[in-house]
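Asker: So that you have it, the file is entry.cif, and it contains mmCIF, C-alpha atoms (C1' of nucleotides):
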data_upload
loop_
_atom_site.label_atom_id
_atom_site.label_comp_id
_atom_site.auth_asym_id
_atom_site.auth_seq_id
_atom_site.Cartn_x
_atom_site.Cartn_y
_atom_site.Cartn_z
CA MET A 2 8.88 -16.12 82.59
CA ASP A 3 8.03 -19.60 83.59
CA PRO A 4 10.94 -21.69 82.53
CA MET A 5 9.61 -25.17 82.76
CA ALA A 6 12.78 -26.19 84.47
CA ARG A 7 13.59 -29.81 85.10
CA PRO A 8 10.96 -32.17 83.67
CA VAL A 9 8.59 -33.78 86.13
CA VAL A 10 9.19 -37.43 86.84
CA HIS A 11 7.08 -37.82 89.94
CA THR A 12 4.00 -38.20 87.85
CA ASP A 13 0.77 -39.99 88.45
CA SER A 14 1.98 -43.07 86.62
CA LEU A 15 4.89 -43.29 89.03
CA ARG A 16 2.35 -42.95 91.80
CA GLN A 17 0.53 -45.99 90.45
CA GLU A 18 3.81 -47.83 90.10
CA LEU A 19 4.67 -47.11 93.71
CA LEU A 20 1.27 -48.34 94.82
CA ALA A 21 1.65 -51.55 92.86
CA VAL A 22 5.18 -52.14 94.07
CA THR A 23 4.19 -51.53 97.67
CA ALA A 24 1.24 -53.87 97.42
CA ASP A 25 3.58 -56.47 95.98
CA LEU A 26 6.03 -56.08 98.83
CA VAL A 27 3.23 -56.28 101.38
CA ASP A 28 1.98 -59.46 99.75
CA ARG A 29 5.42 -60.98 99.53
CA ASP A 30 6.99 -60.11 102.87
CA GLY A 31 4.25 -58.63 104.99
CA PRO A 32 3.91 -55.03 106.11
CA ALA A 33 6.80 -55.16 108.57
CA ARG A 34 9.36 -55.77 105.85
CA VAL A 35 8.24 -52.89 103.66
CA THR A 36 10.87 -50.14 103.71
CA LEU A 37 10.77 -46.97 101.70
CA ARG A 38 14.21 -47.72 100.31
CA ASP A 39 13.02 -51.07 99.00
CA VAL A 40 9.86 -49.53 97.61
CA ALA A 41 11.84 -46.81 95.86
CA ALA A 42 14.38 -49.28 94.50
CA ALA A 43 11.68 -51.58 93.16
CA ALA A 44 10.11 -48.61 91.37
CA ARG A 45 13.52 -47.44 90.15
CA THR A 46 13.22 -44.07 91.85
CA SER A 47 14.23 -42.55 95.16
CA THR A 48 12.50 -42.30 98.49
CA THR A 49 11.82 -38.66 97.73
CA ALA A 50 9.14 -39.82 95.30
CA VAL A 51 7.15 -41.30 98.16
CA TYR A 52 7.25 -37.97 99.97
CA SER A 53 6.37 -35.83 96.98
CA LEU A 54 3.59 -38.15 95.80
CA PHE A 55 2.15 -39.38 99.10
CA GLY A 56 3.66 -37.44 101.96
CA GLY A 57 5.27 -40.29 103.81
CA LYS A 58 5.13 -43.96 104.57
CA SER A 59 1.85 -43.95 106.43
CA GLN A 60 0.08 -42.14 103.60
CA LEU A 61 1.54 -44.62 101.12
CA LEU A 62 0.22 -47.53 103.16
CA THR A 63 -3.11 -45.79 103.61
CA ALA A 64 -3.37 -45.46 99.83
CA VAL A 65 -2.59 -49.17 99.47
CA VAL A 66 -5.26 -49.96 102.03
CA ASP A 67 -7.78 -47.75 100.25
CA ASP A 68 -7.00 -49.51 96.99
CA GLY A 69 -7.56 -52.77 98.82
CA PHE A 70 -10.98 -51.66 99.97
CA ARG A 71 -11.85 -50.64 96.45
CA SER A 72 -10.78 -54.02 95.09
CA PHE A 73 -12.79 -55.69 97.82
CA HIS A 74 -15.75 -53.49 96.98
CA GLU A 75 -15.56 -54.61 93.36
CA SER A 76 -15.59 -58.25 94.34
CA GLN A 77 -18.63 -57.62 96.52
CA VAL A 78 -20.42 -55.88 93.67
CA ALA A 79 -19.67 -58.82 91.44
CA ALA A 80 -21.02 -61.22 94.05
CA ALA A 81 -24.14 -59.19 94.78
CA PRO A 82 -26.40 -61.27 92.49
CA GLY A 83 -25.69 -64.22 94.75
CA GLY A 84 -27.52 -62.61 97.63
CA LEU A 85 -26.34 -62.67 101.23
CA GLN A 86 -24.82 -66.12 100.95
CA GLY A 87 -22.98 -65.13 97.81
CA LEU A 88 -21.58 -62.02 99.47
CA GLY A 89 -20.46 -64.07 102.46
CA VAL A 90 -18.67 -66.62 100.32
CA ALA A 91 -17.07 -63.88 98.22
CA TYR A 92 -15.86 -62.16 101.37
CA ARG A 93 -13.75 -65.08 102.53
CA THR A 94 -12.62 -65.85 99.00
CA TRP A 95 -11.28 -62.33 98.50
CA ALA A 96 -9.61 -62.33 101.91
CA LEU A 97 -7.84 -65.62 101.25
CA GLU A 98 -6.73 -64.44 97.83
CA HIS A 99 -5.31 -61.22 99.27
CA GLN A 100 -4.17 -62.38 102.68
CA ALA A 101 -1.41 -59.89 103.33
CA LEU A 102 -3.48 -57.02 102.04
CA TYR A 103 -6.44 -58.08 104.15
CA ARG A 104 -4.18 -58.29 107.18
CA LEU A 105 -2.95 -54.79 106.54
CA MET A 106 -6.43 -53.42 105.87
CA PHE A 107 -7.91 -54.60 109.13
CA GLY A 108 -4.98 -55.56 111.32
CA GLY A 109 -3.13 -52.36 110.57
CA ALA A 110 -6.02 -50.20 111.69
CA LEU A 111 -6.58 -52.39 114.72
CA ALA A 112 -3.00 -52.68 115.91
CA ALA A 113 -2.30 -49.03 115.10
CA TYR A 114 1.32 -49.97 114.48
CA VAL A 115 1.42 -47.53 111.67
CA ASP A 116 -1.15 -44.92 110.84
CA CYS A 117 -2.81 -46.61 107.88
CA GLN A 118 -6.47 -46.33 108.72
CA PRO A 119 -8.65 -46.53 105.60
CA SER A 120 -10.48 -43.41 104.47
CA PRO A 121 -13.89 -43.61 106.12
CA ASP A 122 -15.84 -43.18 102.91
CA VAL A 123 -13.84 -45.82 101.07
CA ALA A 124 -14.39 -48.32 103.88
CA ALA A 125 -18.06 -47.40 104.07
CA ASP A 126 -18.45 -47.88 100.33
CA ALA A 127 -17.18 -51.42 100.59
CA MET A 128 -20.14 -52.19 102.77
CA VAL A 129 -22.80 -50.85 100.44
CA PRO A 130 -23.47 -54.11 98.57
CA LEU A 131 -24.09 -55.86 101.87
CA ILE A 132 -26.45 -53.14 103.07
CA ASN A 133 -28.32 -53.32 99.77
CA ALA A 134 -28.62 -57.08 100.02
CA VAL A 135 -29.94 -56.79 103.55
CA ALA A 136 -32.47 -54.18 102.51
CA ALA A 137 -33.54 -56.29 99.53
CA ALA A 138 -34.04 -59.36 101.71
CA GLN A 139 -36.05 -57.28 104.14
CA SER A 140 -38.22 -55.97 101.34
CA ALA A 141 -38.73 -59.52 100.18
CA GLY A 142 -39.81 -60.36 103.70
CA THR A 143 -37.13 -62.97 104.29
CA LEU A 144 -35.15 -60.93 106.81
CA LEU A 145 -36.10 -59.32 110.11
CA PRO A 146 -37.05 -55.66 109.69
CA ALA A 147 -34.32 -54.29 111.96
CA PRO A 148 -32.34 -51.25 110.76
CA ALA A 149 -30.57 -52.43 107.63
CA GLU A 150 -27.30 -50.79 108.50
CA MET A 151 -27.21 -52.43 111.91
CA VAL A 152 -27.98 -55.84 110.50
CA ALA A 153 -25.28 -55.30 107.88
CA VAL A 154 -22.71 -54.31 110.47
CA ALA A 155 -23.57 -57.35 112.56
CA ILE A 156 -23.23 -59.66 109.59
CA TRP A 157 -20.01 -58.00 108.48
CA GLY A 158 -18.64 -58.44 111.97
CA GLN A 159 -19.46 -62.13 111.81
CA VAL A 160 -17.63 -62.82 108.58
CA HIS A 161 -14.79 -60.43 109.32
CA GLY A 162 -14.22 -61.94 112.75
CA LEU A 163 -14.04 -65.48 111.52
CA VAL A 164 -11.72 -64.59 108.66
CA SER A 165 -9.53 -62.58 111.01
CA LEU A 166 -9.18 -65.40 113.49
CA GLU A 167 -8.38 -67.75 110.63
CA LEU A 168 -5.70 -65.51 109.13
CA ALA A 169 -4.22 -64.59 112.51
CA GLN A 170 -4.22 -68.29 113.40
CA VAL A 171 -5.77 -67.51 116.74
CA GLY A 172 -7.92 -70.36 117.87
CA PRO A 173 -7.89 -74.15 118.11
CA PRO A 174 -4.90 -75.46 116.16
CA ASP A 175 -6.98 -78.05 114.35
CA ALA A 176 -9.90 -75.81 113.55
CA ASP A 177 -11.73 -76.47 110.30
CA TRP A 178 -12.17 -72.85 109.32
CA ALA A 179 -14.02 -73.52 106.11
CA ALA A 180 -16.60 -75.62 107.91
CA ALA A 181 -16.92 -73.09 110.72
CA TYR A 182 -17.34 -70.32 108.18
CA ASN A 183 -20.07 -72.09 106.28
CA ALA A 184 -21.85 -73.07 109.45
CA ALA A 185 -21.64 -69.48 110.67
CA LEU A 186 -23.12 -68.18 107.44
CA ASP A 187 -26.02 -70.59 107.84
CA ALA A 188 -26.47 -69.54 111.45
CA VAL A 189 -26.50 -65.90 110.43
CA GLY A 190 -29.20 -66.68 107.91
CA ARG A 191 -31.30 -68.41 110.58
CA GLY A 192 -30.59 -65.78 113.19
CA TRP A 193 -31.79 -62.89 111.10
CA ALA A 194 -34.53 -64.70 109.21
CA ALA A 195 -37.98 -63.16 109.41
CA MET B 13 35.48 -72.48 142.77
CA ASP B 14 32.22 -70.85 142.07
CA PRO B 15 32.54 -67.27 143.15
CA MET B 16 29.06 -65.99 143.05
CA ALA B 17 30.32 -62.95 141.23
CA ARG B 18 28.14 -59.95 140.65
CA PRO B 19 24.67 -60.32 142.18
CA VAL B 20 21.83 -61.01 139.83
CA VAL B 21 19.50 -58.11 139.17
CA HIS B 22 17.71 -59.45 136.12
CA THR B 23 15.44 -61.47 138.34
CA ASP B 24 11.92 -62.66 137.86
CA SER B 25 10.52 -59.68 139.73
CA LEU B 26 12.20 -57.40 137.23
CA ARG B 27 10.64 -59.53 134.54
CA GLN B 28 7.22 -58.84 136.00
CA GLU B 29 8.07 -55.18 136.30
CA LEU B 30 9.04 -55.05 132.64
CA LEU B 31 5.82 -56.76 131.68
CA ALA B 32 3.76 -54.29 133.69
CA VAL B 33 5.64 -51.30 132.39
CA THR B 34 5.30 -52.48 128.80
CA ALA B 35 1.59 -53.10 129.20
CA ASP B 36 1.28 -49.60 130.62
CA LEU B 37 3.09 -48.08 127.68
CA VAL B 38 0.99 -50.06 125.23
CA ASP B 39 -2.15 -48.83 126.95
CA ARG B 40 -0.98 -45.26 127.12
CA ASP B 41 0.61 -44.70 123.70
CA GLY B 42 -0.21 -47.75 121.63
CA PRO B 43 2.18 -50.44 120.44
CA ALA B 44 3.93 -48.24 117.91
CA ARG B 45 5.30 -45.91 120.55
CA VAL B 46 6.77 -48.64 122.72
CA THR B 47 10.55 -48.51 122.53
CA LEU B 48 12.94 -50.68 124.48
CA ARG B 49 14.73 -47.59 125.77
CA ASP B 50 11.49 -46.24 127.21
CA VAL B 51 10.57 -49.61 128.66
CA ALA B 52 13.97 -49.93 130.28
CA ALA B 53 13.89 -46.39 131.62
CA ALA B 54 10.43 -46.85 133.09
CA ALA B 55 11.64 -49.98 134.85
CA ARG B 56 14.84 -48.24 135.93
CA THR B 57 17.07 -50.73 134.18
CA SER B 58 18.79 -51.02 130.80
CA THR B 59 17.67 -52.49 127.53
CA THR B 60 19.94 -55.43 128.24
CA ALA B 61 17.38 -56.62 130.75
CA VAL B 62 14.84 -57.14 127.99
CA TYR B 63 17.31 -59.30 126.11
CA SER B 64 18.45 -61.36 129.08
CA LEU B 65 14.89 -61.87 130.39
CA PHE B 66 12.89 -62.14 127.16
CA GLY B 67 15.24 -62.35 124.22
CA GLY B 68 14.12 -59.24 122.39
CA LYS B 69 11.28 -56.89 121.72
CA SER B 70 9.02 -59.36 119.96
CA GLN B 71 9.28 -61.86 122.80
CA LEU B 72 8.51 -59.10 125.28
CA LEU B 73 5.39 -58.14 123.35
CA THR B 74 4.44 -61.80 122.98
CA ALA B 75 4.65 -62.16 126.76
CA VAL B 76 2.44 -59.10 127.17
CA VAL B 77 -0.04 -60.57 124.71
CA ASP B 78 -0.04 -63.90 126.52
CA ASP B 79 -0.71 -62.10 129.79
CA GLY B 80 -3.55 -60.33 128.05
CA PHE B 81 -5.08 -63.63 126.98
CA ARG B 82 -4.76 -64.92 130.52
CA SER B 83 -6.51 -61.84 131.90
CA PHE B 84 -9.19 -62.22 129.28
CA HIS B 85 -9.51 -65.88 130.18
CA GLU B 86 -10.10 -64.94 133.81
CA SER B 87 -12.84 -62.53 132.89
CA GLN B 88 -14.48 -65.22 130.80
CA VAL B 89 -14.30 -67.69 133.67
CA ALA B 90 -15.89 -65.11 135.94
CA ALA B 91 -18.66 -64.53 133.42
CA ALA B 92 -19.29 -68.22 132.76
CA PRO B 93 -22.25 -68.44 135.16
CA GLY B 94 -24.05 -65.96 132.93
CA GLY B 95 -24.21 -68.44 130.09
CA LEU B 96 -23.60 -67.57 126.46
CA GLN B 97 -25.11 -64.12 126.73
CA GLY B 98 -23.01 -63.39 129.80
CA LEU B 99 -19.85 -64.48 128.02
CA GLY B 100 -20.71 -62.33 125.04
CA VAL B 101 -21.30 -59.25 127.14
CA ALA B 102 -18.13 -59.87 129.16
CA TYR B 103 -16.18 -60.19 125.93
CA ARG B 104 -16.95 -56.68 124.75
CA THR B 105 -16.62 -55.27 128.25
CA TRP B 106 -13.12 -56.64 128.64
CA ALA B 107 -12.12 -55.45 125.19
CA LEU B 108 -13.33 -51.93 125.82
CA GLU B 109 -11.59 -51.84 129.20
CA HIS B 110 -8.31 -53.00 127.65
CA GLN B 111 -8.52 -51.42 124.24
CA ALA B 112 -4.85 -51.04 123.45
CA LEU B 113 -4.08 -54.51 124.75
CA TYR B 114 -6.92 -56.00 122.76
CA ARG B 115 -5.68 -54.24 119.68
CA LEU B 116 -2.24 -55.68 120.21
CA MET B 117 -3.53 -59.16 120.97
CA PHE B 118 -5.54 -59.49 117.78
CA GLY B 119 -4.37 -56.71 115.53
CA GLY B 120 -0.72 -57.50 116.14
CA ALA B 121 -1.11 -61.10 115.11
CA LEU B 122 -3.23 -60.11 112.13
CA ALA B 123 -1.08 -57.30 110.80
CA ALA B 124 2.12 -59.20 111.54
CA TYR B 125 3.84 -55.87 112.02
CA VAL B 126 5.84 -57.37 114.80
CA ASP B 127 6.11 -61.02 115.68
CA CYS B 128 3.85 -61.09 118.74
CA GLN B 129 1.56 -64.00 118.00
CA PRO B 130 0.07 -65.45 121.19
CA SER B 131 1.19 -68.86 122.32
CA PRO B 132 -1.31 -71.27 120.79
CA ASP B 133 -2.19 -72.98 124.05
CA VAL B 134 -2.73 -69.68 125.87
CA ALA B 135 -5.06 -68.44 123.14
CA ALA B 136 -6.85 -71.79 123.05
CA ASP B 137 -7.33 -71.72 126.81
CA ALA B 138 -9.09 -68.39 126.58
CA MET B 139 -11.73 -70.09 124.52
CA VAL B 140 -12.46 -72.93 126.93
CA PRO B 141 -15.24 -71.19 128.88
CA LEU B 142 -17.08 -70.53 125.65
CA ILE B 143 -16.70 -74.11 124.47
CA ASN B 144 -17.97 -75.33 127.83
CA ALA B 145 -20.97 -73.02 127.68
CA VAL B 146 -21.77 -74.24 124.18
CA ALA B 147 -21.50 -77.86 125.27
CA ALA B 148 -23.67 -77.18 128.31
CA ALA B 149 -26.34 -75.51 126.22
CA GLN B 150 -26.26 -78.41 123.82
CA SER B 151 -26.67 -80.88 126.68
CA ALA B 152 -29.58 -78.83 127.91
CA GLY B 153 -31.05 -79.12 124.45
CA THR B 154 -31.20 -75.39 123.81
CA LEU B 155 -28.46 -75.33 121.18
CA LEU B 156 -28.03 -77.17 117.90
CA PRO B 157 -25.97 -80.35 118.30
CA ALA B 158 -23.20 -79.30 115.91
CA PRO B 159 -19.57 -79.88 116.98
CA ALA B 160 -19.15 -77.70 120.07
CA GLU B 161 -15.76 -76.41 119.03
CA MET B 162 -17.04 -75.30 115.66
CA VAL B 163 -20.03 -73.53 117.17
CA ALA B 164 -17.72 -71.87 119.67
CA VAL B 165 -15.36 -70.67 116.96
CA ALA B 166 -18.26 -69.29 114.97
CA ILE B 167 -19.63 -67.43 117.98
CA TRP B 168 -16.18 -66.16 118.93
CA GLY B 169 -15.73 -64.92 115.41
CA GLN B 170 -18.97 -63.01 115.65
CA VAL B 171 -18.13 -61.15 118.85
CA HIS B 172 -14.49 -60.67 117.94
CA GLY B 173 -15.34 -59.30 114.52
CA LEU B 174 -17.79 -56.74 115.80
CA VAL B 175 -15.47 -55.60 118.57
CA SER B 176 -12.58 -55.39 116.10
CA LEU B 177 -14.51 -53.26 113.66
CA GLU B 178 -15.62 -51.03 116.52
CA LEU B 179 -12.11 -50.54 117.89
CA ALA B 180 -10.57 -50.12 114.45
CA GLN B 181 -13.32 -47.64 113.61
CA VAL B 182 -13.90 -49.39 110.32
CA GLY B 183 -17.49 -49.07 109.28
CA PRO B 184 -20.27 -46.50 109.12
CA PRO B 185 -19.17 -43.37 110.98
CA ASP B 186 -22.42 -43.12 112.90
CA ALA B 187 -22.70 -46.79 113.76
CA ASP B 188 -24.29 -47.63 117.09
CA TRP B 189 -21.89 -50.36 118.03
CA ALA B 190 -23.51 -51.24 121.31
CA ALA B 191 -26.87 -51.76 119.65
CA ALA B 192 -25.31 -53.76 116.82
CA TYR B 193 -23.45 -55.89 119.33
CA ASN B 194 -26.54 -56.69 121.36
CA ALA B 195 -28.56 -57.39 118.25
CA ALA B 196 -25.82 -59.67 116.98
CA LEU B 197 -25.74 -61.58 120.24
CA ASP B 198 -29.49 -62.10 119.98
CA ALA B 199 -29.15 -63.20 116.38
CA VAL B 200 -26.45 -65.66 117.34
CA GLY B 201 -28.77 -67.08 119.98
CA ARG B 202 -31.55 -67.51 117.42
CA GLY B 203 -29.24 -68.81 114.73
CA TRP B 204 -27.81 -71.62 116.81
CA ALA B 205 -30.92 -72.38 118.85
CA ALA B 206 -32.11 -75.96 118.74
"C1'" DC C 23 26.42 -20.05 76.32
"C1'" DT C 24 24.76 -18.05 80.48
"C1'" DT C 25 21.23 -17.53 83.72
"C1'" DG C 26 17.30 -18.70 86.32
"C1'" DT C 27 14.02 -21.83 88.05
"C1'" DT C 28 12.11 -26.11 89.14
"C1'" DT C 29 12.70 -30.89 90.36
"C1'" DC C 30 14.54 -34.67 92.44
"C1'" DA C 31 18.47 -37.86 94.00
"C1'" DT C 32 21.95 -38.04 97.47
"C1'" DA C 33 23.48 -37.52 101.77
"C1'" DA C 34 22.94 -36.14 106.45
"C1'" DC C 35 19.92 -36.72 110.73
"C1'" DA C 36 17.32 -38.85 114.43
"C1'" DA C 37 15.39 -42.76 116.41
"C1'" DT C 38 15.43 -47.63 117.50
"C1'" DG C 39 16.37 -52.80 117.75
"C1'" DT C 40 20.40 -55.34 118.54
"C1'" DT C 41 25.07 -56.66 119.79
"C1'" DA C 42 29.77 -56.21 121.74
"C1'" DC C 43 32.66 -54.59 125.08
"C1'" DG C 44 34.34 -53.54 129.42
"C1'" DA C 45 33.42 -51.93 133.99
"C1'" DA C 46 31.06 -53.23 138.29
"C1'" DA C 47 30.25 -56.41 142.02
"C1'" DC C 48 31.43 -59.96 144.94
"C1'" DA C 49 33.79 -64.41 146.81
"C1'" DA C 50 38.04 -66.80 147.73
"C1'" DG C 51 42.77 -66.94 148.77
"C1'" DG C 52 46.92 -64.86 150.14
"C1'" DC D 27 43.30 -55.87 153.45
"C1'" DC D 28 44.42 -56.60 148.85
"C1'" DT D 29 44.59 -59.36 144.70
"C1'" DT D 30 42.48 -62.37 141.56
"C1'" DG D 31 38.89 -64.62 139.10
"C1'" DT D 32 34.30 -64.95 137.48
"C1'" DT D 33 29.84 -63.56 136.56
"C1'" DT D 34 26.60 -59.90 135.46
"C1'" DC D 35 24.89 -56.05 133.33
"C1'" DG D 36 25.10 -50.96 131.81
"C1'" DT D 37 27.20 -48.24 128.14
"C1'" DA D 38 28.43 -47.49 123.82
"C1'" DA D 39 28.89 -48.81 119.12
"C1'" DC D 40 26.36 -50.71 114.96
"C1'" DA D 41 22.87 -51.32 111.37
"C1'" DT D 42 18.52 -50.12 109.68
"C1'" DT D 43 14.86 -46.99 108.58
"C1'" DG D 44 11.70 -42.86 108.32
"C1'" DT D 45 12.45 -38.14 107.42
"C1'" DT D 46 14.57 -33.78 106.05
"C1'" DA D 47 17.93 -30.71 103.90
"C1'" DT D 48 21.10 -29.70 100.52
"C1'" DG D 49 22.82 -29.22 96.13
"C1'" DA D 50 23.21 -31.06 91.55
"C1'" DA D 51 20.51 -32.09 87.29
"C1'" DA D 52 17.53 -30.60 83.62
"C1'" DC D 53 15.60 -27.44 80.63
"C1'" DA D 54 13.67 -22.76 78.82
"C1'" DA D 55 14.66 -18.00 77.85
"C1'" DG D 56 17.63 -14.46 76.54
#
In structure tokens, what does this structure look like?

Answerer:
Amino acid sequence: MDPMARPVVHTDSLRQELLAVTADLVDRDGPARVTLRDVAAAARTSTTAVYSLFGGKSQLLTAVVDDGFRSFHESQVAAAPGGLQGLGVAYRTWALEHQALYRLMFGGALAAYVDCQPSPDVAADAMVPLINAVAAAQSAGTLLPAPAEMVAVAIWGQVHGLVSLELAQVGPPDADWAAAYNAALDAVGRGWAA
Amino acid sequence: MDPMARPVVHTDSLRQELLAVTADLVDRDGPARVTLRDVAAAARTSTTAVYSLFGGKSQLLTAVVDDGFRSFHESQVAAAPGGLQGLGVAYRTWALEHQALYRLMFGGALAAYVDCQPSPDVAADAMVPLINAVAAAQSAGTLLPAPAEMVAVAIWGQVHGLVSLELAQVGPPDADWAAAYNAALDAVGRGWAA
DNA sequence: CTTGTTTCATAACAATGTTACGAAACAAGG
DNA sequence: CCTTGTTTCGTAACATTGTTATGAAACAAG
């Protein structure tokens, strides 16, 4: 009574393929040039797959963004032994290695050009290593005993803002971003030191 | 020999009107919902006007963004007497009062969803009051004597990053952004203090 | 082999940036 | 006053893209 009918092709592995292909297109041409027809063609399927597996373009991009946050989270976990400085350095390193994805992750949500806001819990997770490092430094007595989450948000804002300005190329044309970034990290350390 | 022909309607005043109407639409519905047909209808003209006066949609948005940077520049100039703290407070105030425009100004350039990157000199101008305040504080001996432009970029990154995260709603769901912002401004003051 | 059911690719649809065409508007000359 | 010539700009066609609807493809059961 349940003829299995036509075999399923829109499987989870195709879902992964679509995610990878989309991320590739974003990295190659930027978010504006990503079309569902190109995505489908690159994955050797049809645009219907995007709708049956994700629901639409914005959900596809949201999934790519969430994957980006997870990748970023991993890099932060790996850098956690380096303390606050290590996390700060790893932040910019990851952003420069995944420029287009980083632009989509933060610029997409900010510009609201397409509805690709990261899932709140995924974005919050990415911040956990930083919060832990802040709390650890506070326990060690090297950091001011302000609320850890607030300090973490402030520090994240610092590094995110500098990286954003660098990637968006908004600022002095001859800016030495690497130097500014390192100097800012030092200033953050002094500013929040106990 | 030079019959004046049909009178010109695509004049500079219509250009201003288009700019105002576009900024309104951006503020009301966000950049994604801005269509040339709507812009033209709101200005009681045709889409041709956008092409003859700007060249296309991206140039129109770029002009809006440039106007935004000029408005922001004015608010910074007005806040200059308040010193670094005053500039920092004015920064967030302006951003919150022009949320959609701010999103377009920085998120648009970052996401690269549409080519609306601000003119470099306009964006650089917006930073001049901050650079001056940094230089003044250094002359007064209250700020570390690092290159003024680098310090300014670092401070700008701090405030921009926090405001961006707040507007993009990326971060802890229950974050107290105002408190984090004020704490960050204080930390910046301590971090760069002489 | 037919039938029935599920799945998915193709094609139609709507919206939008862009471009091409031709009508509108006006001055000069008859 | 009408015709002609030239410039200007609104309308309509075009191409692209997200989305939806339709019908063919694929397979199991009888």

Asker: Which neighbours of Ala147 of chain A fall inside 12 Å, counting all atoms listed in the file, when residues of the same chain fewer than 4 positions from it are skipped, and could you give them as a short mmCIF file (atom, residue, chain, number, x, y, z; two decimals) with C-alpha atoms, in the coordinates of the input?

Answerer:
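Below is the file around02.cif, written as the result:
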data_model
loop_
_atom_site.label_atom_id
_atom_site.label_comp_id
_atom_site.auth_asym_id
_atom_site.auth_seq_id
_atom_site.Cartn_x
_atom_site.Cartn_y
_atom_site.Cartn_z
CA ILE A 132 -26.45 -53.14 103.07
CA VAL A 135 -29.94 -56.79 103.55
CA ALA A 136 -32.47 -54.18 102.51
CA ALA A 138 -34.04 -59.36 101.71
CA GLN A 139 -36.05 -57.28 104.14
CA SER A 140 -38.22 -55.97 101.34
CA GLY A 142 -39.81 -60.36 103.70
CA THR A 143 -37.13 -62.97 104.29
CA MET A 151 -27.21 -52.43 111.91
CA VAL A 152 -27.98 -55.84 110.50
CA ALA A 153 -25.28 -55.30 107.88
CA VAL A 154 -22.71 -54.31 110.47
CA ALA A 155 -23.57 -57.35 112.56
CA TRP A 193 -31.79 -62.89 111.10
CA ALA A 194 -34.53 -64.70 109.21
CA ALA A 195 -37.98 -63.16 109.41
CA ALA B 191 -26.87 -51.76 119.65
CA ALA B 192 -25.31 -53.76 116.82
CA ALA B 195 -28.56 -57.39 118.25
CA ALA B 196 -25.82 -59.67 116.98
CA ALA B 199 -29.15 -63.20 116.38
#

Asker: Expand the PyMOL selection byres ((chain D and resi 56) around 10) into the individual residues it matches in the shown file, reporting them as JSON, numbers by chain.

Answerer: {"C": [24, 25], "D": [54, 55]}

Asker: Assuming the chain letters and numbering stay as they are in my file, what does the PyMOL selection byres ((chain A and resi 11) around 12) actually select? List them as a ChimeraX atom specification.

Answerer: /A:7-10,12-19,41,44-55 /C:29-30

Asker: State, in Å with one decimal place, the distance from atom CA of Gln170 of chain B to atom CA of Ile156 of chain A.

Answerer: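 It comes out at 8.1 Å.
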
Asker: Which residues fall under the PyMOL selection byres ((chain A) within 7 of (chain B)) in this file, as a VMD selection string?

Answerer: chain A and resid 31 to 33 104 to 105 108 to 115 124 to 125 151 154 to 155 158 to 159 161 to 163 165 to 166 168 to 169 171 to 173 181 to 182 185 188 to 189 191 to 193

Asker: Figure out the distance between atom CA of Pro130 of chain A and atom CA of Ala81 of chain A, please, to one decimal in Å.

Answerer: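 So the answer is 6.4 Å.
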
Asker: Select, counting all atoms listed in the file, all protein, DNA and RNA residues no farther than 10 Å from (27.6, -57.8, 136.4) in file coordinates, and express the selection as a PyMOL selection string.

Answerer: (chain B and resi 17-21) or (chain C and resi 45-48) or (chain D and resi 32-36)

Asker: Distance limit 12 Å, atoms considered: all atoms listed in the file. Which chain D residues sit that close to chain A? Return them as a PyMOL selection string.

Answerer: chain D and resi 42-47+50-56

Asker: Separation of atom CA of Asp79 of chain B and atom CA of Leu99 of chain B, in Å?

Answerer: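 A separation of 19.4 Å between them.
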
Asker: Of the residues C:DA31, C:DA42, C:DA49, C:DA37, which is the one nearest to DC40 of chain D, using all atoms listed in the file?

Answerer: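 Using all atoms listed in the file, the shortest distance to DC40 of chain D belongs to C:DA42.
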
Asker: B:Gly80, B:Leu156, B:Gln97, B:Ser70: which is nearest chain C, counting only C-alpha atoms (C1' of nucleotides)?

Answerer: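 The answer is B:Ser70, which sits nearest to chain C.
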
Asker: Could you complete segment 142-148 of chain A so that it carries N, CA and C atoms, and give it back as an mmCIF file, in the coordinates of the input?

Answerer:
data_model
loop_
_atom_site.group_PDB
_atom_site.id
_atom_site.type_symbol
_atom_site.label_atom_id
_atom_site.label_comp_id
_atom_site.auth_asym_id
_atom_site.auth_seq_id
_atom_site.Cartn_x
_atom_site.Cartn_y
_atom_site.Cartn_z
ATOM 1 N N GLY A 142 -39.168 -59.741 102.542
ATOM 2 C CA GLY A 142 -39.810 -60.360 103.700
ATOM 3 C C GLY A 142 -39.085 -61.576 104.246
ATOM 4 N N THR A 143 -37.858 -61.800 103.798
ATOM 5 C CA THR A 143 -37.130 -62.970 104.290
ATOM 6 C C THR A 143 -36.184 -62.637 105.427
ATOM 7 N N LEU A 144 -36.075 -61.336 105.753
ATOM 8 C CA LEU A 144 -35.150 -60.930 106.810
ATOM 9 C C LEU A 144 -35.880 -60.039 107.814
ATOM 10 N N LEU A 145 -35.480 -60.130 109.058
ATOM 11 C CA LEU A 145 -36.100 -59.320 110.110
ATOM 12 C C LEU A 145 -36.001 -57.835 109.758
ATOM 13 N N PRO A 146 -37.021 -57.082 110.065
ATOM 14 C CA PRO A 146 -37.050 -55.660 109.690
ATOM 15 C C PRO A 146 -36.321 -54.766 110.694
ATOM 16 N N ALA A 147 -35.150 -55.171 111.130
ATOM 17 C CA ALA A 147 -34.320 -54.290 111.960
ATOM 18 C C ALA A 147 -33.624 -53.282 111.056
ATOM 19 N N PRO A 148 -33.045 -52.211 111.618
ATOM 20 C CA PRO A 148 -32.340 -51.250 110.760
ATOM 21 C C PRO A 148 -31.314 -51.947 109.878
#
